[in-house]
Amino acid sequence: MAVITAVVVGVMLERPPHAETTPSEGGEAVSAGGSAGSAADSAVTPSVASAANQAVVAPSVAAAPVALAAPGAPAADGNTPKAEDGAWDLSYRWKEGEHYCYRISCQVGWGDSATEMTSTNTYTAAPAPDAAGAKPDPREASPGSGTAFVVSADGYLVTCAHVVRNASDIKVTLGGQTSPCEVVVRDDARDLAVLRIDRRNLPALALADSEKVELAQEVRVIGFPLSDILGSSLKVTQGSVAGIAVGRRGKVFQIDAVVNPGNSGGPLVDSSGCVVGVVSAQLVGTRVAEVGFAVPINYAKALLSQQKIGFQAGGGGPKLDGPALVKRVAPSVGLVTMMCHGGESDGQKRIVLNYHAIVERRAGQRAGLVAAPGTPEQRDDGKLVTGELGEIFQSDSRVRLPGLLGSLATVVIDPLPDGDQKTWMHEEIWTLTSSRSEGRGGFAGLGPGFFGPRPPFGPHRRGFPGMFGPFANEPEPTTYLAIRRATFTLEETQGTTARIRKRLDLRTLEKTGDKPTVELAADGQTLFDLKLGVPQKITLSGTLTIREGGSQSIPVALTCERTTAAAAASPVAPAGPAAPASASPPVPIEPPEKRLDRFLADLRAGERDWSKCFQALQGLSLMPVIESRREEVAEVLNAYLKEKNYSARSSALRAALTWGAPRNASVIAELIKSPSDRARAARALRTLGSAAESAVVALLADEDAEVRVEACKLLAEIGGPKSLAAIQQRLAQDADEQFQAAAQAAIHKLQARK
C-alpha cells in the first residue's frame, strides 16, 4: 500500500464568487450559470464524481435573526464593532492578551482500524506588528522582480497580481529604457494585473484564444527569472501544456516548461508567438521538477475589456522556429522591479496569535491502515500571523491533522468574505506524495503528524515527506497534483451567532479510470460568535477515497469547539463517524530528559526498528532543546544524515534544524551535492550560521556548478572575510556564467556587511 503526504503549493483563487463567467475569445464575459454549491460547479475536471456525505448539524441558537455588516463597520460602543442598523461585523477580532482555548478531535477510519488525534489548542493575541492602513516602512522593504508584457501600444502591460501586490517604486524596463509605472487594476482572484507606463508606440503581443489550447501543445515561457542571480537578460524555456484544471473559478494551465521566481507575469506563448497564458506559479519540491502554472489569457482579455483597453487578437499564424519566435516576442517583454513590503495582506489588519497545543494520538489495533506512527503525546508551539478576514500570512505549526484536513494550528481559522457576499470560496494547489511501503497497509500518511516539504510560497503548511514506514527498499514515491477547494455559505444569523455551511473538496488532477486517484469530500458548519469575533464550534464529516492499488473509502470526522482552560484539561470525546472504543485515560506527559533518553536509545539500537527511529527523529524536531545534551544528539544525527535512504536523511535534517551543532556542518554540507537534499541541507546550514562557514567554503571547489552557486548563496548569508576571499579567488578562475553571477552577488552582500 502507500504513505501519503500533502503540500500546499499556493493559493490559486481566493475571493467570494459571483455568478460565474467564462471569458470568450473576444474578451467578453459569458455567463456559465450554476449554483455555488453544486457538485458540478465544484468539479476539478469534468466527470469527477462527488461523494455524498451527511452534514454535521450543530444545535441552533434560538434568537431573532440580525443582519451582518461588512468588516470595518462603525462601533456602537467602545468594544464591539456594530453597524448603526444593529448588524454585527463578520470578522475575526482576537482581543490582545486574551487566551482562546479550543478542544479538537479528529478521527479517520472505522472500528479497530480507526486513528484519533485530540488536541488542546490555546491562542493568545499579541500586539500586531503593524496597523491597518499604515504606510509601508521603507526600512523593511526588499527588492523584488517579475515580468510583464505589452498588450497595447499606448503603454499598457499585463503581469501577475502577486508581482505588484504590497509593492512600491514599481518600474518597468523595456527596450533598454526604464520607466515608472502605475497599477491600473488588479484581479487577485485570477492573479492578474494591468500596468501602465508613460510611453507610446510600444510593440504589443497578439493575444490568442486560450479556449483553443490543447493538452501536449508546445509552448514557451519567456521572462526574467532569478534576475538577481542570472542577470537581467531575457530567458526562454520550452515545454508543453501538461494539464488543464477546471474548477468553479475557471481554468488553470499546468505546464512542464521550467518556471523560476521572476518568471511570474511573463507571457506563455504558442508556436506562432501569440500569448495563450500568463505565467503565474511554480511548483517545487524534492520529488517535483519542471511543473509550472499559467492563467489562461482569456481572463486577461476580459480584464482589459472591463477597463476599455484595446488589445490585438491573434492566433493560428505560421509556426516559427525558436530564434524567429524570440525575435518577435522579446521586444514586448519587460522586467518589472519594485520594493516589496511584507506579506500579501491586501490591506487587512494583521493579528499575531501565539499558539500552543498539546496533542494526543490514539490508534486502534489495525490503525496502520490509516494512521502514521507518532509519539502518543507531543507539543506544538509557534506563532500565527493572520488577518481579520482569516488570511494566514505566517504559521510556525508543525503538526497536521489526519485525513488531509490541513494544519492543526489553523483549523479554527477559515476565510471570511470581504463584503456582504453570502457565498465565498478558497482554492489552493496541493501536491500529494504517495510512497509505497511493503508490509504496511493503507495510506499511512493519513494519520496524525504526517508532513510534506515546505512550499515555496503561499499558505503556511510545512514539513517533510516520507518520514514513516520501513524505508530500506522503498520505491520512488508518486506525486499527484490536486486542487483543494473550500466553499462557504452564510445560511443564517440568530442573535449573535452566524451559521456558516462549509463544503470541502480535494481532488487530484490525475485519475484512476474516470475518477480522481485521491478524493476528499466533506460537509460541515461553523458557528461564529459575531459579538466576540471568533468561531464557537466547527464540525466536519465526509469520506476520503483513495483509488491507488485498489479503492478505499475512509470516513473522516472533525470537531472543534471553544472552551475554557479548565474544561480543556479534561479528556475530549472523539469525533468519530463510527462508534469508538472505550475512552482510555490521558497519556501522562513524559519529562523532556526521559523522552530524550528514549529517542536516543531507539536511534542507537543495533538492529534498527525504522518505525521507532522515525518516531524518534520526529520527536527530536518537536521537543525543546536541552543545551547540555546538544552535542550528544548531534553525534547521533550524523549517522542518519549519512544514511543512503532519502527519508532517513530528510528526517535527520529536520531534527538538525533544532539540535544541530558545529559537528554536523561538514556532513550537512555534503548533502548540498544531492539535488533531493539540497533545499533542506541549505536551511540547516543557515541555522548553524558561521559555524558552517568552513564546510560551505569547501563546496566552492566542487565540480558541479549548481553546488558552487548554492555555496555562494549560503556564504552570502553566513560568511565573513574568509568567505569573501574564497569567493573572489574562485571567481578569478571559474568561467561558468551562473557561478559568476552568484559569486558577484555574494561578494556584494559580504562587502556591504563589512
# chains A, B, ... in the order shown; residues from 1 in each chain; ligands from 1
$ select_by_dssp --residues "stretch 191-343 of chain A" --states "strand (DSSP E or B)" --output "PyMOL selection string"
chain A and resi 192-197+207+218-223+235-247+250-255+267-269+275-285+288-296+313+333-341
$ closest_residue --among "A:Glu706, A:Glu116, A:Leu207, A:Gly146" --to "A:Val259" --atoms "only C-alpha atoms"
A:Gly146
$ closest_atom_pairs --of "stretch 128-212 of chain A" --to "stretch 316-331 of chain A" --cutoff "7 Å" --atoms "only C-alpha atoms" --output "Markdown table"
| residue | atom | partner | partner_atom | distance |
| --- | --- | --- | --- | --- |
| A:Gly175 | CA | A:Pro331 | CA | 6.2 |
| A:Pro203 | CA | A:Pro331 | CA | 6.7 |
| A:Leu205 | CA | A:Val329 | CA | 6.9 |
$ closest_residue --among "A:Ile392, A:Cys160, A:Leu700, A:Ala634" --to "A:Gly660" --atoms "only C-alpha atoms"
A:Ala634
$ atom_distance --atom1 "atom CA of A:Lys644" --atom2 "atom CA of A:Arg630"
24.1 Å
$ atom_distance --atom1 "atom CA of A:Ala639" --atom2 "atom CA of A:Arg398"
24.0 Å
